[in-house]
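The next block is entry17.cif, given as mmCIF, C-alpha atoms.
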```
data_model
#
loop_
_atom_site.group_PDB
_atom_site.id
_atom_site.type_symbol
_atom_site.label_atom_id
_atom_site.label_comp_id
_atom_site.auth_asym_id
_atom_site.auth_seq_id
_atom_site.Cartn_x
_atom_site.Cartn_y
_atom_site.Cartn_z
ATOM 1 C CA MET A 1 0.000 0.000 0.000
ATOM 2 C CA GLU A 2 1.203 3.451 -0.886
ATOM 3 C CA GLU A 3 2.163 5.677 2.038
ATOM 4 C CA THR A 4 0.113 8.816 2.547
ATOM 5 C CA PRO A 5 1.460 11.819 4.449
ATOM 6 C CA ALA A 6 -0.038 11.873 7.953
ATOM 7 C CA ARG A 7 -1.140 15.498 7.656
ATOM 8 C CA LEU A 8 -3.199 14.484 4.615
ATOM 9 C CA ALA A 9 -4.455 11.114 5.848
ATOM 10 C CA GLY A 10 -5.932 12.766 8.935
ATOM 11 C CA LYS A 11 -8.102 15.221 6.999
ATOM 12 C CA PRO A 12 -11.818 14.322 6.764
ATOM 13 C CA SER A 13 -12.058 15.871 3.296
ATOM 14 C CA TRP A 14 -9.291 13.611 2.006
ATOM 15 C CA LEU A 15 -10.762 10.540 3.695
ATOM 16 C CA LEU A 16 -14.227 11.239 2.280
ATOM 17 C CA THR A 17 -12.820 11.772 -1.206
ATOM 18 C CA GLN A 18 -10.837 8.541 -1.127
ATOM 19 C CA LEU A 19 -13.782 6.606 0.268
ATOM 20 C CA ALA A 20 -16.101 8.095 -2.376
ATOM 21 C CA VAL A 21 -13.911 6.532 -5.067
ATOM 22 C CA HIS A 22 -14.357 3.097 -3.483
ATOM 23 C CA ALA A 23 -18.089 3.624 -2.894
ATOM 24 C CA HIS A 24 -18.605 4.614 -6.528
ATOM 25 C CA ARG A 25 -16.635 1.599 -7.773
ATOM 26 C CA LEU A 26 -18.589 -0.835 -5.577
ATOM 27 C CA ALA A 27 -21.958 0.608 -6.600
ATOM 28 C CA SER A 28 -20.985 0.709 -10.289
ATOM 29 C CA GLU A 29 -19.845 -2.915 -10.177
ATOM 30 C CA ALA A 30 -23.053 -3.985 -8.431
ATOM 31 C CA PHE A 31 -25.225 -2.189 -10.971
ATOM 32 C CA GLY A 32 -23.039 -3.450 -13.808
ATOM 33 C CA GLU A 33 -23.668 -7.052 -12.764
ATOM 34 C CA GLU A 34 -27.360 -6.294 -13.282
ATOM 35 C CA GLY A 35 -26.738 -4.589 -16.627
ATOM 36 C CA ALA A 36 -27.627 -1.215 -15.145
ATOM 37 C CA ARG A 37 -26.055 2.105 -14.220
ATOM 38 C CA GLY A 38 -26.477 4.392 -11.242
ATOM 39 C CA TYR A 39 -28.575 6.769 -13.342
ATOM 40 C CA HIS A 40 -31.097 4.002 -13.923
ATOM 41 C CA TYR A 41 -31.400 3.422 -10.192
ATOM 42 C CA ARG A 42 -31.836 7.138 -9.477
ATOM 43 C CA VAL A 43 -34.652 7.508 -11.988
ATOM 44 C CA LEU A 44 -36.469 4.345 -10.930
ATOM 45 C CA ALA A 45 -36.165 5.238 -7.231
ATOM 46 C CA ALA A 46 -37.516 8.765 -7.818
ATOM 47 C CA LEU A 47 -40.466 7.499 -9.843
ATOM 48 C CA ASP A 48 -41.254 4.873 -7.218
ATOM 49 C CA GLU A 49 -41.145 7.343 -4.358
ATOM 50 C CA PHE A 50 -42.671 10.455 -5.940
ATOM 51 C CA GLY A 51 -44.769 9.075 -8.793
ATOM 52 C CA ALA A 52 -44.918 10.140 -12.432
ATOM 53 C CA ALA A 53 -42.736 13.114 -13.285
ATOM 54 C CA SER A 54 -41.493 15.212 -16.140
ATOM 55 C CA GLN A 55 -37.943 14.616 -17.302
ATOM 56 C CA ALA A 56 -37.024 18.061 -15.926
ATOM 57 C CA ASP A 57 -38.404 17.139 -12.488
ATOM 58 C CA LEU A 58 -36.483 13.868 -12.572
ATOM 59 C CA GLY A 59 -33.298 15.782 -13.322
ATOM 60 C CA ARG A 60 -33.833 18.035 -10.310
ATOM 61 C CA ARG A 61 -34.810 15.217 -7.953
ATOM 62 C CA CYS A 62 -31.968 12.948 -9.065
ATOM 63 C CA ASN A 63 -29.342 15.684 -9.410
ATOM 64 C CA MET A 64 -28.787 14.724 -13.037
ATOM 65 C CA ASP A 65 -28.012 16.733 -16.145
ATOM 66 C CA ARG A 66 -30.891 16.934 -18.633
ATOM 67 C CA SER A 67 -29.019 14.941 -21.278
ATOM 68 C CA ASP A 68 -28.279 12.177 -18.753
ATOM 69 C CA VAL A 69 -31.966 12.037 -17.791
ATOM 70 C CA VAL A 70 -32.947 11.711 -21.445
ATOM 71 C CA ALA A 71 -30.409 8.922 -22.008
ATOM 72 C CA ALA A 72 -31.458 7.050 -18.855
ATOM 73 C CA VAL A 73 -35.172 7.376 -19.653
ATOM 74 C CA ASN A 74 -34.539 6.205 -23.226
ATOM 75 C CA GLU A 75 -32.695 3.115 -21.964
ATOM 76 C CA LEU A 76 -35.298 2.360 -19.288
ATOM 77 C CA SER A 77 -38.127 2.854 -21.775
ATOM 78 C CA ASP A 78 -36.478 0.543 -24.313
ATOM 79 C CA HIS A 79 -36.589 -2.236 -21.692
ATOM 80 C CA GLY A 80 -40.150 -1.514 -20.573
ATOM 81 C CA PHE A 81 -39.151 -0.243 -17.112
ATOM 82 C CA VAL A 82 -40.797 3.153 -17.647
ATOM 83 C CA ASP A 83 -43.456 4.612 -19.908
ATOM 84 C CA ARG A 84 -42.949 8.037 -21.427
ATOM 85 C CA ALA A 85 -45.845 9.993 -22.888
ATOM 86 C CA PRO A 86 -46.611 13.617 -23.694
ATOM 87 C CA ASP A 87 -47.948 15.496 -20.672
ATOM 88 C CA PRO A 88 -51.664 16.147 -21.359
ATOM 89 C CA ARG A 89 -51.370 19.599 -19.711
ATOM 90 C CA ASP A 90 -48.274 20.607 -21.681
ATOM 91 C CA ARG A 91 -47.531 18.679 -24.881
ATOM 92 C CA ARG A 92 -44.008 20.163 -25.019
ATOM 93 C CA ARG A 93 -42.860 17.961 -22.158
ATOM 94 C CA ASN A 94 -42.977 14.247 -21.409
ATOM 95 C CA THR A 95 -44.280 12.535 -18.308
ATOM 96 C CA VAL A 96 -42.378 9.446 -17.213
ATOM 97 C CA THR A 97 -44.149 6.680 -15.284
ATOM 98 C CA LEU A 98 -42.748 3.590 -13.576
ATOM 99 C CA THR A 99 -44.108 0.278 -14.904
ATOM 100 C CA GLU A 100 -44.597 -2.937 -12.929
ATOM 101 C CA LEU A 101 -41.580 -4.333 -14.734
ATOM 102 C CA GLY A 102 -39.707 -1.225 -13.575
ATOM 103 C CA ARG A 103 -40.725 -1.884 -9.952
ATOM 104 C CA THR A 104 -39.348 -5.406 -10.252
ATOM 105 C CA ARG A 105 -36.156 -3.999 -11.750
ATOM 106 C CA LEU A 106 -35.856 -1.483 -8.910
ATOM 107 C CA CYS A 107 -36.109 -4.286 -6.334
ATOM 108 C CA ARG A 108 -33.252 -6.145 -8.046
ATOM 109 C CA LEU A 109 -31.167 -2.977 -8.116
ATOM 110 C CA ASP A 110 -31.984 -2.323 -4.436
ATOM 111 C CA ARG A 111 -30.545 -5.731 -3.548
ATOM 112 C CA ALA A 112 -27.458 -5.089 -5.676
ATOM 113 C CA LEU A 113 -26.863 -1.701 -4.051
ATOM 114 C CA ASP A 114 -27.475 -3.140 -0.578
ATOM 115 C CA GLY A 115 -24.679 -5.611 -1.270
ATOM 116 C CA ALA A 116 -22.369 -2.763 -2.252
ATOM 117 C CA GLN A 117 -23.221 -0.963 1.002
ATOM 118 C CA VAL A 118 -22.364 -4.071 3.005
ATOM 119 C CA ALA A 119 -19.035 -4.387 1.192
ATOM 120 C CA LEU A 120 -18.246 -0.710 1.740
ATOM 121 C CA LEU A 121 -19.039 -0.732 5.451
ATOM 122 C CA ARG A 122 -17.871 -4.286 6.246
ATOM 123 C CA PRO A 123 -15.187 -3.218 8.776
ATOM 124 C CA LEU A 124 -17.772 -1.415 10.929
ATOM 125 C CA ALA A 125 -20.183 -2.895 13.472
ATOM 126 C CA GLU A 126 -23.883 -2.269 12.729
ATOM 127 C CA PRO A 127 -24.280 0.570 15.269
ATOM 128 C CA ASP A 128 -21.216 2.279 13.779
ATOM 129 C CA ARG A 129 -22.648 1.886 10.259
ATOM 130 C CA GLU A 130 -25.875 3.538 11.366
ATOM 131 C CA GLU A 131 -24.014 6.349 13.136
ATOM 132 C CA LEU A 132 -21.744 6.988 10.143
ATOM 133 C CA THR A 133 -24.756 7.127 7.842
ATOM 134 C CA ARG A 134 -26.532 9.521 10.197
ATOM 135 C CA LEU A 135 -23.487 11.795 10.468
ATOM 136 C CA LEU A 136 -22.942 11.846 6.703
ATOM 137 C CA GLY A 137 -26.609 12.816 6.303
ATOM 138 C CA VAL A 138 -26.185 15.692 8.764
ATOM 139 C CA LEU A 139 -23.126 16.971 6.896
ATOM 140 C CA LEU A 140 -24.771 16.694 3.496
ATOM 141 C CA ALA A 141 -27.952 18.436 4.658
ATOM 142 C CA HIS A 142 -25.915 21.281 6.108
ATOM 143 C CA HIS A 143 -23.925 21.854 2.935
ATOM 144 C CA GLN A 144 -26.932 21.482 0.636
ATOM 145 C CA ARG A 145 -28.688 24.302 2.468
ATOM 146 C CA GLY A 146 -25.759 26.482 1.495
#
```
As structure tokens, how would this structure be written, given the file I've shared?
Amino acid sequence: MEETPARLAGKPSWLLTQLAVHAHRLASEAFGEEGARGYHYRVLAALDEFGAASQADLGRRCNMDRSDVVAAVNELSDHGFVDRAPDPRDRRRNTVTLTELGRTRLCRLDRALDGAQVALLRPLAEPDREELTRLLGVLLAHHQRG
């Protein structure tokens, strides 16, 4: 293992950045084994939780660029995981809806992502995992408020 200067290795920002690389790899591998990408999971999860939405709303809820939303919705639609139709109130935009097949897909992706979480947090006892998750949520909420 490569040596890291102590003054760097003790900085939370450095630790979070390094850990984010591993978290992203584990999640990407888990989704990849299912033939999916993280964008697919984001869109399916948002539709499941919030219901039908425009592509613009999905982009905001999922923190995705518009072109990435379009690509993800195209791929999900091609496989029957979502339906996309013109919004009856505004024909210029599309409304995306989760299908039953999409719900089944989301459950498979949930299990895959859960496995990645277990792998990521394996060295920690369950109470420590819960506390770390809680603390990360507090930090993220603080910085998102700006």
Mind pulling up the distance from atom CA of Asp110 of chain A to atom CA of Ala53 of chain A?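 One can read the atom CA of Ala53 of chain A to atom CA of Asp110 of chain A distance as 20.8 Å.
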Any idea what's packed within 8 Å of Leu101 of chain A, counting all atoms listed in the file, ignoring anything in its chain fewer than 2 positions away? Could you give it as a list of chain:residue names?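 Answer for this query is A:Gly80, A:Phe81, A:Thr99, A:Arg103, A:Thr104, A:Arg105.
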Running the PyMOL selection byres ((chain A and resi 23) around 12) on this model by hand, what would come out? Give it as a list in words. Leu16, Thr17, Gln18, Leu19, Ala20, Val21, His22, His24, Arg25, Leu26, Ala27, Ser28, Glu29, Ala30, Gly38, Leu113, Asp114, Gly115, Ala116, Gln117, Val118, Ala119, Leu120 and Leu121 of chain A
Quick one: everything within 6 Å of Ala52 of chain A, counting all atoms listed in the file, minus sequence neighbours fewer than 2 positions away in the same chain. Send it as a PyMOL selection string. chain A and resi 47+96-97
In terms of the shortest atom-to-atom distance over only C-alpha atoms, which of A:Val69, A:Leu124, A:Ala56, A:Ala85 is closest to Tyr39 of chain A? A:Val69
Result set, the PyMOL selection byres ((chain A and resi 58) around 9) on current file, as an mmCIF file with C-alpha atoms, keeping the file's coordinate frame:
```cif
data_model
loop_
_atom_site.group_PDB
_atom_site.id
_atom_site.type_symbol
_atom_site.label_atom_id
_atom_site.label_comp_id
_atom_site.auth_asym_id
_atom_site.auth_seq_id
_atom_site.Cartn_x
_atom_site.Cartn_y
_atom_site.Cartn_z
ATOM 1 C CA ARG A 42 -31.836 7.138 -9.477
ATOM 2 C CA VAL A 43 -34.652 7.508 -11.988
ATOM 3 C CA ALA A 46 -37.516 8.765 -7.818
ATOM 4 C CA LEU A 47 -40.466 7.499 -9.843
ATOM 5 C CA ALA A 53 -42.736 13.114 -13.285
ATOM 6 C CA SER A 54 -41.493 15.212 -16.140
ATOM 7 C CA GLN A 55 -37.943 14.616 -17.302
ATOM 8 C CA ALA A 56 -37.024 18.061 -15.926
ATOM 9 C CA ASP A 57 -38.404 17.139 -12.488
ATOM 10 C CA GLY A 59 -33.298 15.782 -13.322
ATOM 11 C CA ARG A 60 -33.833 18.035 -10.310
ATOM 12 C CA ARG A 61 -34.810 15.217 -7.953
ATOM 13 C CA CYS A 62 -31.968 12.948 -9.065
ATOM 14 C CA ASN A 63 -29.342 15.684 -9.410
ATOM 15 C CA MET A 64 -28.787 14.724 -13.037
ATOM 16 C CA ARG A 66 -30.891 16.934 -18.633
ATOM 17 C CA VAL A 69 -31.966 12.037 -17.791
ATOM 18 C CA VAL A 96 -42.378 9.446 -17.213
#
```
Check which residues satisfy the PyMOL selection byres ((chain A and resi 35) around 12) in the file shown, then give them as a PyMOL selection string. chain A and resi 28-34+36-41+75-76+79+105+108-109+112
Best match for closeness to Asp48 of chain A among A:Asp78, A:Pro5, A:Leu98, A:Ser13, counting all atoms listed in the file: A:Leu98
Enclose the full set of atoms of segment 21-31 of chain A listed in the file within a box whose edges lie along x, y and z, apply 6 Å of padding to each of the six sides, and report centre and edge lengths in Å to one decimal as JSON.
```
{"center_x": -19.6, "center_y": 1.3, "center_z": -6.9, "size_x": 23.3, "size_y": 22.5, "size_z": 20.1}
```
Would you mind telling me which residue in A:Asp65, A:Pro88, A:Arg111, A:Thr95 lies nearest to Gly51 of chain A when using only C-alpha atoms? A:Thr95
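Put simply, atom CA of Asp83 of chain A is 9.4 Å away from atom CA of Gly102 of chain A.
Atom CA of Ala71 of chain A is found 12.6 Å from atom CA of Arg84 of chain A.
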